$ cat work-v7.cif   # mmCIF, C-alpha atoms
data_entry
#
loop_
_atom_site.group_PDB
_atom_site.id
_atom_site.type_symbol
_atom_site.label_atom_id
_atom_site.label_comp_id
_atom_site.auth_asym_id
_atom_site.auth_seq_id
_atom_site.Cartn_x
_atom_site.Cartn_y
_atom_site.Cartn_z
ATOM 1 C CA MET N 1 -39.847 -71.371 -87.890
ATOM 2 C CA CYS N 2 -41.671 -68.969 -85.611
ATOM 3 C CA GLN N 3 -43.633 -66.709 -87.913
ATOM 4 C CA GLU N 4 -45.000 -64.529 -85.117
ATOM 5 C CA CYS N 5 -41.563 -63.061 -84.395
ATOM 6 C CA SER N 6 -40.306 -62.510 -87.899
ATOM 7 C CA GLY N 7 -40.193 -58.761 -87.224
ATOM 8 C CA SER N 8 -38.429 -57.009 -84.379
ATOM 9 C CA THR N 9 -40.870 -54.050 -84.159
ATOM 10 C CA ILE N 10 -44.499 -53.308 -84.880
ATOM 11 C CA LEU N 11 -45.714 -50.192 -86.701
ATOM 12 C CA THR N 12 -48.293 -48.110 -84.868
ATOM 13 C CA GLY N 13 -49.684 -46.534 -88.025
ATOM 14 C CA VAL N 14 -48.711 -42.987 -87.015
ATOM 15 C CA ARG N 15 -46.038 -41.717 -89.396
ATOM 16 C CA GLY N 16 -44.326 -45.085 -89.257
ATOM 17 C CA ALA N 17 -43.565 -44.708 -85.550
ATOM 18 C CA GLN N 18 -42.381 -47.796 -83.755
ATOM 19 C CA ARG N 19 -43.282 -49.032 -80.309
ATOM 20 C CA PRO N 20 -41.269 -51.347 -78.055
ATOM 21 C CA LEU N 21 -42.146 -55.001 -78.174
ATOM 22 C CA PRO N 22 -44.191 -56.241 -75.182
ATOM 23 C CA CYS N 23 -42.560 -58.770 -72.880
ATOM 24 C CA ALA N 24 -44.416 -61.687 -74.443
ATOM 25 C CA GLU N 25 -43.262 -60.686 -77.905
ATOM 26 C CA ARG N 26 -39.668 -60.130 -76.762
ATOM 27 C CA TRP N 27 -39.663 -63.598 -75.170
ATOM 28 C CA ALA N 28 -41.007 -65.058 -78.390
ATOM 29 C CA SER N 29 -38.188 -63.319 -80.261
ATOM 30 C CA ILE N 30 -35.612 -64.868 -77.932
ATOM 31 C CA VAL N 31 -37.144 -68.318 -78.359
ATOM 32 C CA CYS N 32 -37.180 -67.890 -82.118
ATOM 33 C CA GLY N 33 -33.561 -66.782 -82.047
ATOM 34 C CA MET N 34 -32.614 -69.895 -80.098
ATOM 35 C CA GLN N 35 -34.569 -72.114 -82.479
ATOM 36 C CA SER N 36 -32.724 -70.581 -85.411
ATOM 37 C CA LEU N 37 -29.483 -72.043 -84.024
ATOM 38 C CA SER N 38 -28.487 -75.579 -84.871
ATOM 39 C CA PRO N 39 -29.038 -78.250 -82.179
ATOM 40 C CA ARG N 40 -25.259 -78.671 -81.889
ATOM 41 C CA ALA N 41 -24.791 -74.930 -81.245
ATOM 42 C CA ARG N 42 -27.582 -74.845 -78.656
ATOM 43 C CA ALA N 43 -26.197 -77.865 -76.845
ATOM 44 C CA LEU N 44 -22.643 -76.531 -76.849
ATOM 45 C CA GLY N 45 -23.742 -73.101 -75.633
ATOM 46 C CA ALA N 46 -25.831 -74.574 -72.809
ATOM 47 C CA ALA N 47 -23.010 -76.933 -71.773
ATOM 48 C CA VAL N 48 -20.423 -74.144 -71.649
ATOM 49 C CA LEU N 49 -22.769 -71.889 -69.675
ATOM 50 C CA CYS N 50 -23.511 -74.645 -67.145
ATOM 51 C CA LEU N 51 -19.810 -75.358 -66.635
ATOM 52 C CA VAL N 52 -18.997 -71.664 -66.215
ATOM 53 C CA ILE N 53 -21.721 -71.266 -63.592
ATOM 54 C CA ALA N 54 -20.663 -74.440 -61.750
ATOM 55 C CA VAL N 55 -16.996 -73.448 -61.553
ATOM 56 C CA GLY N 56 -17.723 -69.778 -60.876
ATOM 57 C CA ALA N 57 -20.150 -70.587 -58.062
ATOM 58 C CA GLY N 58 -17.631 -72.947 -56.477
ATOM 59 C CA LEU N 59 -14.791 -70.426 -56.651
ATOM 60 C CA ALA N 60 -17.061 -67.796 -55.092
ATOM 61 C CA VAL N 61 -17.022 -69.820 -51.848
ATOM 62 C CA ASP N 62 -14.384 -68.837 -49.292
ATOM 63 C CA SER N 63 -11.286 -70.985 -49.837
ATOM 64 C CA ARG N 64 -11.261 -71.897 -46.129
ATOM 65 C CA LEU N 65 -14.559 -73.739 -46.568
ATOM 66 C CA ASP N 66 -15.386 -77.029 -48.209
ATOM 67 C CA ARG N 67 -16.427 -76.148 -51.738
ATOM 68 C CA HIS N 68 -18.315 -79.464 -52.160
ATOM 69 C CA TRP N 69 -16.672 -80.109 -55.525
ATOM 70 C CA ILE N 70 -17.993 -83.684 -55.682
ATOM 71 C CA LEU N 71 -21.599 -82.561 -55.266
ATOM 72 C CA ARG N 72 -21.027 -79.689 -57.658
ATOM 73 C CA GLY N 73 -19.536 -82.123 -60.156
ATOM 74 C CA VAL N 74 -22.564 -84.408 -59.964
ATOM 75 C CA THR N 75 -24.851 -81.412 -60.483
ATOM 76 C CA ALA N 76 -22.766 -80.274 -63.450
ATOM 77 C CA VAL N 77 -23.007 -83.742 -65.027
ATOM 78 C CA LEU N 78 -26.804 -83.656 -64.718
ATOM 79 C CA ALA N 79 -26.822 -80.182 -66.279
ATOM 80 C CA LEU N 80 -24.682 -81.475 -69.162
ATOM 81 C CA CYS N 81 -27.115 -84.350 -69.661
ATOM 82 C CA CYS N 82 -29.925 -81.816 -70.003
ATOM 83 C CA ALA N 83 -27.787 -79.816 -72.420
ATOM 84 C CA ALA N 84 -27.213 -82.977 -74.462
ATOM 85 C CA LEU N 85 -30.976 -83.300 -74.899
ATOM 86 C CA LEU N 86 -30.814 -80.177 -77.038
ATOM 87 C CA LEU N 87 -29.055 -82.296 -79.668
ATOM 88 C CA SER N 88 -32.216 -84.299 -80.146
ATOM 89 C CA ASP N 89 -35.245 -83.165 -82.068
ATOM 90 C CA GLN N 90 -37.105 -80.755 -79.788
ATOM 91 C CA THR N 91 -40.484 -80.950 -81.485
ATOM 92 C CA ARG N 92 -42.528 -82.047 -78.514
ATOM 93 C CA ARG N 93 -43.470 -79.300 -76.083
ATOM 94 C CA LEU N 94 -43.169 -81.603 -73.063
ATOM 95 C CA ARG N 95 -39.588 -82.506 -73.999
ATOM 96 C CA GLN N 96 -38.762 -78.823 -74.379
ATOM 97 C CA ILE N 97 -40.193 -78.040 -70.945
ATOM 98 C CA VAL N 98 -38.310 -80.902 -69.266
ATOM 99 C CA THR N 99 -35.059 -79.826 -70.908
ATOM 100 C CA LEU N 100 -35.415 -76.165 -69.922
ATOM 101 C CA VAL N 101 -36.434 -76.980 -66.348
ATOM 102 C CA GLY N 102 -33.506 -79.376 -65.997
ATOM 103 C CA LEU N 103 -31.052 -76.795 -67.319
ATOM 104 C CA ALA N 104 -32.446 -74.126 -64.997
ATOM 105 C CA MET N 105 -32.307 -76.362 -61.911
ATOM 106 C CA PHE N 106 -28.996 -78.200 -62.404
ATOM 107 C CA GLY N 107 -27.216 -75.460 -64.319
ATOM 108 C CA LEU N 108 -28.276 -72.391 -62.319
ATOM 109 C CA VAL N 109 -30.474 -72.810 -59.240
ATOM 110 C CA ILE N 110 -28.633 -75.630 -57.449
ATOM 111 C CA PRO N 111 -25.073 -74.289 -58.008
ATOM 112 C CA LEU N 112 -26.071 -70.842 -56.751
ATOM 113 C CA THR N 113 -27.988 -72.139 -53.723
ATOM 114 C CA GLN N 114 -25.022 -74.362 -52.803
ATOM 115 C CA THR N 115 -22.892 -71.234 -52.747
ATOM 116 C CA GLN N 116 -25.468 -69.229 -50.804
ATOM 117 C CA TRP N 117 -25.929 -71.947 -48.175
ATOM 118 C CA SER N 118 -22.181 -72.465 -47.673
ATOM 119 C CA LYS N 119 -21.999 -69.756 -45.000
ATOM 120 C CA PRO N 120 -24.694 -70.076 -42.324
ATOM 121 C CA PRO N 121 -24.259 -67.797 -39.253
ATOM 122 C CA GLU N 122 -22.092 -70.245 -37.285
ATOM 123 C CA ILE N 123 -19.742 -70.702 -40.258
ATOM 124 C CA GLU N 124 -19.577 -66.951 -40.833
ATOM 125 C CA PHE N 125 -18.650 -66.450 -37.176
ATOM 126 C CA ALA N 126 -15.929 -69.112 -37.379
ATOM 127 C CA LEU N 127 -14.467 -67.449 -40.471
ATOM 128 C CA GLN N 128 -14.278 -64.134 -38.617
ATOM 129 C CA VAL N 129 -12.593 -65.822 -35.661
ATOM 130 C CA ALA N 130 -10.109 -67.524 -37.995
ATOM 131 C CA THR N 131 -9.268 -64.177 -39.594
ATOM 132 C CA ASP N 132 -8.711 -62.541 -36.193
ATOM 133 C CA ALA N 133 -6.587 -65.427 -34.920
ATOM 134 C CA LYS N 134 -4.423 -65.377 -38.049
ATOM 135 C CA SER N 135 -3.938 -61.616 -37.702
ATOM 136 C CA ALA N 136 -2.852 -62.098 -34.073
ATOM 137 C CA ALA N 137 -0.315 -64.740 -35.110
ATOM 138 C CA GLU N 138 1.067 -62.558 -37.894
ATOM 139 C CA LYS N 139 1.356 -59.610 -35.509
ATOM 140 C CA ALA N 140 3.346 -61.829 -33.155
ATOM 141 C CA ALA N 141 5.538 -62.901 -36.113
ATOM 142 C CA ALA N 142 4.546 -66.526 -35.494
ATOM 143 C CA SER N 143 4.475 -69.199 -38.163
ATOM 144 C CA ASN N 144 1.422 -70.940 -36.764
ATOM 145 C CA VAL N 145 -1.834 -70.063 -35.001
ATOM 146 C CA THR N 146 -2.184 -71.378 -31.454
ATOM 147 C CA VAL N 147 -5.278 -72.642 -29.690
ATOM 148 C CA ASP N 148 -5.095 -69.725 -27.262
ATOM 149 C CA GLN N 149 -5.164 -67.231 -30.129
ATOM 150 C CA VAL N 150 -8.299 -68.831 -31.523
ATOM 151 C CA LYS N 151 -9.876 -68.865 -28.062
ATOM 152 C CA THR N 152 -9.033 -65.200 -27.499
ATOM 153 C CA ALA N 153 -10.458 -64.244 -30.889
ATOM 154 C CA ALA N 154 -13.688 -66.146 -30.247
ATOM 155 C CA GLU N 155 -14.183 -64.634 -26.782
ATOM 156 C CA ALA N 156 -13.473 -61.137 -28.118
ATOM 157 C CA ARG N 157 -16.442 -61.576 -30.460
ATOM 158 C CA GLY N 158 -18.719 -62.841 -27.688
ATOM 159 C CA GLY N 159 -18.303 -66.529 -28.465
ATOM 160 C CA ALA N 160 -16.453 -69.452 -26.950
ATOM 161 C CA VAL N 161 -14.279 -72.416 -27.829
ATOM 162 C CA GLY N 162 -15.292 -75.975 -26.967
ATOM 163 C CA SER N 163 -18.612 -77.710 -26.657
ATOM 164 C CA LEU N 164 -21.113 -76.411 -24.134
ATOM 165 C CA PRO N 165 -21.217 -78.771 -21.124
ATOM 166 C CA THR N 166 -24.651 -80.201 -20.347
ATOM 167 C CA GLU N 167 -26.044 -82.815 -18.002
ATOM 168 C CA LYS N 168 -25.967 -85.401 -20.752
ATOM 169 C CA SER N 169 -22.523 -84.342 -22.034
ATOM 170 C CA PRO N 170 -20.615 -82.736 -19.161
ATOM 171 C CA GLN N 171 -17.233 -83.235 -20.808
ATOM 172 C CA VAL N 172 -16.034 -80.295 -22.898
ATOM 173 C CA ARG N 173 -14.813 -81.291 -26.363
ATOM 174 C CA GLY N 174 -12.872 -79.385 -28.983
ATOM 175 C CA ALA N 175 -11.329 -76.843 -26.606
ATOM 176 C CA THR N 176 -7.675 -77.838 -26.267
ATOM 177 C CA ALA N 177 -6.584 -79.191 -29.660
ATOM 178 C CA TYR N 178 -7.514 -78.888 -33.319
ATOM 179 C CA PRO N 179 -10.140 -79.174 -34.598
ATOM 180 C CA LEU N 180 -11.550 -76.577 -32.226
ATOM 181 C CA ILE N 181 -15.276 -76.197 -31.745
ATOM 182 C CA VAL N 182 -16.245 -72.525 -32.028
ATOM 183 C CA ARG N 183 -19.587 -71.252 -30.735
ATOM 184 C CA ALA N 184 -20.980 -67.830 -31.594
ATOM 185 C CA LYS N 185 -22.456 -67.347 -28.109
ATOM 186 C CA GLN N 186 -20.959 -68.434 -24.786
ATOM 187 C CA ASP N 187 -24.259 -69.720 -23.410
ATOM 188 C CA GLN N 188 -25.361 -71.410 -26.619
ATOM 189 C CA GLY N 189 -24.432 -74.852 -27.878
ATOM 190 C CA ARG N 190 -25.266 -75.916 -31.385
ATOM 191 C CA PRO N 191 -25.107 -74.879 -34.111
ATOM 192 C CA TRP N 192 -21.336 -74.548 -34.024
ATOM 193 C CA ALA N 193 -18.408 -74.879 -36.417
ATOM 194 C CA CYS N 194 -14.911 -76.369 -36.264
ATOM 195 C CA ILE N 195 -11.632 -74.609 -37.009
ATOM 196 C CA THR N 196 -8.339 -76.285 -37.853
ATOM 197 C CA PHE N 197 -5.097 -74.414 -38.489
ATOM 198 C CA THR N 198 -2.115 -75.789 -40.360
ATOM 199 C CA GLY N 199 0.488 -73.121 -39.896
ATOM 200 C CA LEU N 200 -1.398 -69.951 -40.823
ATOM 201 C CA LYS N 201 -3.844 -71.694 -43.121
ATOM 202 C CA ALA N 202 -7.316 -72.183 -41.669
ATOM 203 C CA LYS N 203 -9.943 -74.770 -42.503
ATOM 204 C CA VAL N 204 -13.506 -74.178 -41.325
ATOM 205 C CA THR N 205 -16.046 -76.990 -41.443
ATOM 206 C CA ALA N 206 -19.456 -77.833 -40.082
ATOM 207 C CA CYS N 207 -19.169 -80.303 -37.209
#

$ encode --input "work-v7.cif" --output "structure tokens"
Amino acid sequence: MCQECSGSTILTGVRGAQRPLPCAERWASIVCGMQSLSPRARALGAAVLCLVIAVGAGLAVDSRLDRHWILRGVTAVLALCCAALLLSDQTRRLRQIVTLVGLAMFGLVIPLTQTQWSKPPEIEFALQVATDAKSAAEKAAASNVTVDQVKTAAEARGGAVGSLPTEKSPQVRGATAYPLIVRAKQDQGRPWACITFTGLKAKVTAC
């Protein structure tokens, strides 16, 4: 047991007044509270939290993008392995540190950074173009989005469709059929993104 956090407040000596616990003491109270739980409860709580974060972070990604469920699943498995370590006797400080770092990395940091990195500028531009092209198709009462509608939407935002021709690659690719290459600037090549429409449903990928 942690004896240093047996009390939640400290008396100042002035008419029994109480002062807030400093950060270090509050952290010690949290640690003591966690240690008061059984290993099974700690492991179950950590596992549930890791799964909630993994699924929530994946669902936060735009449905038109690849959510990288396989990579997220692998990360979740590693987080669950770290959570399982809480079932063992956590008497050694090094084992505690390894477990907490593993939970923080695989259960929180990596899932959130995967979500944050899912929309670089070129992907964000392609998503905007896909939204505009779909709106144009719906306004025309069409059941599918055409290549010309995507091209018009990209050019209206200052971009272009198709690869940028160069001396090494003079042939334009991705300009006449899906998947279409969408560039955020007409005079700029990579980075770019690809758009594919199936009916009115768009799929945006890095390419």

$ atom_distance --input "work-v7.cif" --atom1 "atom CA of N:Ala141" --atom2 "atom CA of N:Arg157"
22.7 Å

$ closest_residue --input "work-v7.cif" --among "N:Pro121, N:Gly58, N:Gly158, N:Pro179" --to "N:Trp192" --atoms "only C-alpha atoms"
N:Pro121

$ residues_around --input "work-v7.cif" --residues "stretch 64-77 of chain N" --least-positions-apart "2" --cutoff "10 Å" --atoms "only C-alpha atoms" --output "number ranges by chain"
N: 47, 50-55, 57-62, 79-83, 103, 105-108, 110-111, 114-115, 118-119, 123, 127, 130, 195-196, 201-206

$ closest_residue --input "work-v7.cif" --among "N:Val48, N:Leu112, N:Cys194, N:Ala160" --to "N:Tyr178" --atoms "all atoms listed in the file"
N:Cys194

$ closest_residue --input "work-v7.cif" --among "N:Pro165, N:Leu49, N:Ala137, N:Ala43" --to "N:Gln149" --atoms "only C-alpha atoms"
N:Ala137

$ atom_distance --input "work-v7.cif" --atom1 "atom CA of N:Ile181" --atom2 "atom CA of N:Cys207"
7.9 Å

$ resolve_selection --input "work-v7.cif" --expression "the PyMOL selection byres ((chain N and resi 199) around 7)" --output "JSON list (two decimals) with C-alpha atoms, keeping the file's coordinate frame"
[["chain", "number", "residue", "atom", "x", "y", "z"],
["N", 143, "SER", "CA", 4.47, -69.20, -38.16],
["N", 144, "ASN", "CA", 1.42, -70.94, -36.76],
["N", 145, "VAL", "CA", -1.83, -70.06, -35.00],
["N", 197, "PHE", "CA", -5.10, -74.41, -38.49],
["N", 198, "THR", "CA", -2.12, -75.79, -40.36],
["N", 200, "LEU", "CA", -1.40, -69.95, -40.82],
["N", 201, "LYS", "CA", -3.84, -71.69, -43.12]]

$ atom_distance --input "work-v7.cif" --atom1 "atom CA of N:Thr99" --atom2 "atom CA of N:Gly56"
22.4 Å

$ resolve_selection --input "work-v7.cif" --expression "the PyMOL selection byres ((chain N and resi 133) around 6)" --output "MDAnalysis selection string"
chainID N and resid 130:132 134:136 149:150 153

$ closest_residue --input "work-v7.cif" --among "N:Arg40, N:Ser88, N:Leu100, N:Gly189" --to "N:Val172" --atoms "only C-alpha atoms"
N:Gly189

$ axis_aligned_box --input "work-v7.cif" --around "stretch 114-130 of chain N" --padding-each-side "4 Å" --output "JSON"
{"center_x": -18.0, "center_y": -69.2, "center_z": -44.2, "size_x": 23.8, "size_y": 18.2, "size_z": 25.1}

$ closest_residue --input "work-v7.cif" --among "N:Leu164, N:Val147, N:Val182, N:Ala175" --to "N:Val129" --atoms "all atoms listed in the file"
N:Val182

$ closest_residue --input "work-v7.cif" --among "N:Leu78, N:Ala142, N:Leu85, N:Ala193" --to "N:Ser163" --atoms "all atoms listed in the file"
N:Ala193

$ build_atoms --input "work-v7.cif" --residues "stretch 138-164 of chain N" --atoms "N, CA and C atoms" --output "tab-separated table (two decimals), in the frame of the given file"
chain	number	residue	atom	x	y	z
N	138	GLU	N	0.18	-63.33	-37.02
N	138	GLU	CA	1.07	-62.56	-37.89
N	138	GLU	C	1.66	-61.36	-37.15
N	139	LYS	N	0.85	-60.74	-36.29
N	139	LYS	CA	1.36	-59.61	-35.51
N	139	LYS	C	2.45	-60.06	-34.55
N	140	ALA	N	2.32	-61.30	-34.06
N	140	ALA	CA	3.35	-61.83	-33.16
N	140	ALA	C	4.50	-62.46	-33.92
N	141	ALA	N	4.49	-62.34	-35.26
N	141	ALA	CA	5.54	-62.90	-36.11
N	141	ALA	C	5.68	-64.40	-35.92
N	142	ALA	N	4.55	-65.07	-35.67
N	142	ALA	CA	4.55	-66.53	-35.49
N	142	ALA	C	4.24	-67.21	-36.81
N	143	SER	N	4.69	-68.44	-36.93
N	143	SER	CA	4.47	-69.20	-38.16
N	143	SER	C	3.26	-70.11	-38.08
N	144	ASN	N	2.62	-70.13	-36.93
N	144	ASN	CA	1.42	-70.94	-36.76
N	144	ASN	C	0.47	-70.26	-35.78
N	145	VAL	N	-0.79	-70.62	-35.87
N	145	VAL	CA	-1.83	-70.06	-35.00
N	145	VAL	C	-2.07	-71.03	-33.86
N	146	THR	N	-2.02	-70.53	-32.63
N	146	THR	CA	-2.18	-71.38	-31.45
N	146	THR	C	-3.66	-71.48	-31.05
N	147	VAL	N	-3.93	-72.46	-30.22
N	147	VAL	CA	-5.28	-72.64	-29.69
N	147	VAL	C	-5.69	-71.43	-28.87
N	148	ASP	N	-4.78	-70.89	-28.10
N	148	ASP	CA	-5.10	-69.72	-27.26
N	148	ASP	C	-5.46	-68.52	-28.11
N	149	GLN	N	-4.83	-68.36	-29.26
N	149	GLN	CA	-5.16	-67.23	-30.13
N	149	GLN	C	-6.57	-67.38	-30.71
N	150	VAL	N	-6.94	-68.59	-31.03
N	150	VAL	CA	-8.30	-68.83	-31.52
N	150	VAL	C	-9.30	-68.58	-30.39
N	151	LYS	N	-8.99	-69.05	-29.21
N	151	LYS	CA	-9.88	-68.86	-28.06
N	151	LYS	C	-10.05	-67.39	-27.76
N	152	THR	N	-8.96	-66.64	-27.77
N	152	THR	CA	-9.03	-65.20	-27.50
N	152	THR	C	-9.87	-64.49	-28.55
N	153	ALA	N	-9.69	-64.87	-29.81
N	153	ALA	CA	-10.46	-64.24	-30.89
N	153	ALA	C	-11.95	-64.55	-30.76
N	154	ALA	N	-12.28	-65.77	-30.40
N	154	ALA	CA	-13.69	-66.15	-30.25
N	154	ALA	C	-14.33	-65.40	-29.08
N	155	GLU	N	-13.63	-65.32	-27.96
N	155	GLU	CA	-14.18	-64.63	-26.78
N	155	GLU	C	-14.31	-63.14	-27.03
N	156	ALA	N	-13.40	-62.56	-27.81
N	156	ALA	CA	-13.47	-61.14	-28.12
N	156	ALA	C	-14.72	-60.81	-28.94
N	157	ARG	N	-15.23	-61.77	-29.66
N	157	ARG	CA	-16.44	-61.58	-30.46
N	157	ARG	C	-17.69	-62.09	-29.74
N	158	GLY	N	-17.57	-62.41	-28.46
N	158	GLY	CA	-18.72	-62.84	-27.69
N	158	GLY	C	-19.01	-64.32	-27.75
N	159	GLY	N	-18.09	-65.10	-28.35
N	159	GLY	CA	-18.30	-66.53	-28.46
N	159	GLY	C	-17.44	-67.32	-27.51
N	160	ALA	N	-17.25	-68.57	-27.81
N	160	ALA	CA	-16.45	-69.45	-26.95
N	160	ALA	C	-15.90	-70.60	-27.77
N	161	VAL	N	-14.90	-71.25	-27.19
N	161	VAL	CA	-14.28	-72.42	-27.83
N	161	VAL	C	-14.59	-73.65	-27.00
N	162	GLY	N	-14.94	-74.74	-27.66
N	162	GLY	CA	-15.29	-75.97	-26.97
N	162	GLY	C	-16.79	-76.17	-26.90
N	163	SER	N	-17.19	-77.40	-26.75
N	163	SER	CA	-18.61	-77.71	-26.66
N	163	SER	C	-19.18	-77.20	-25.34
N	164	LEU	N	-20.45	-76.90	-25.34
N	164	LEU	CA	-21.11	-76.41	-24.13
N	164	LEU	C	-21.45	-77.60	-23.24
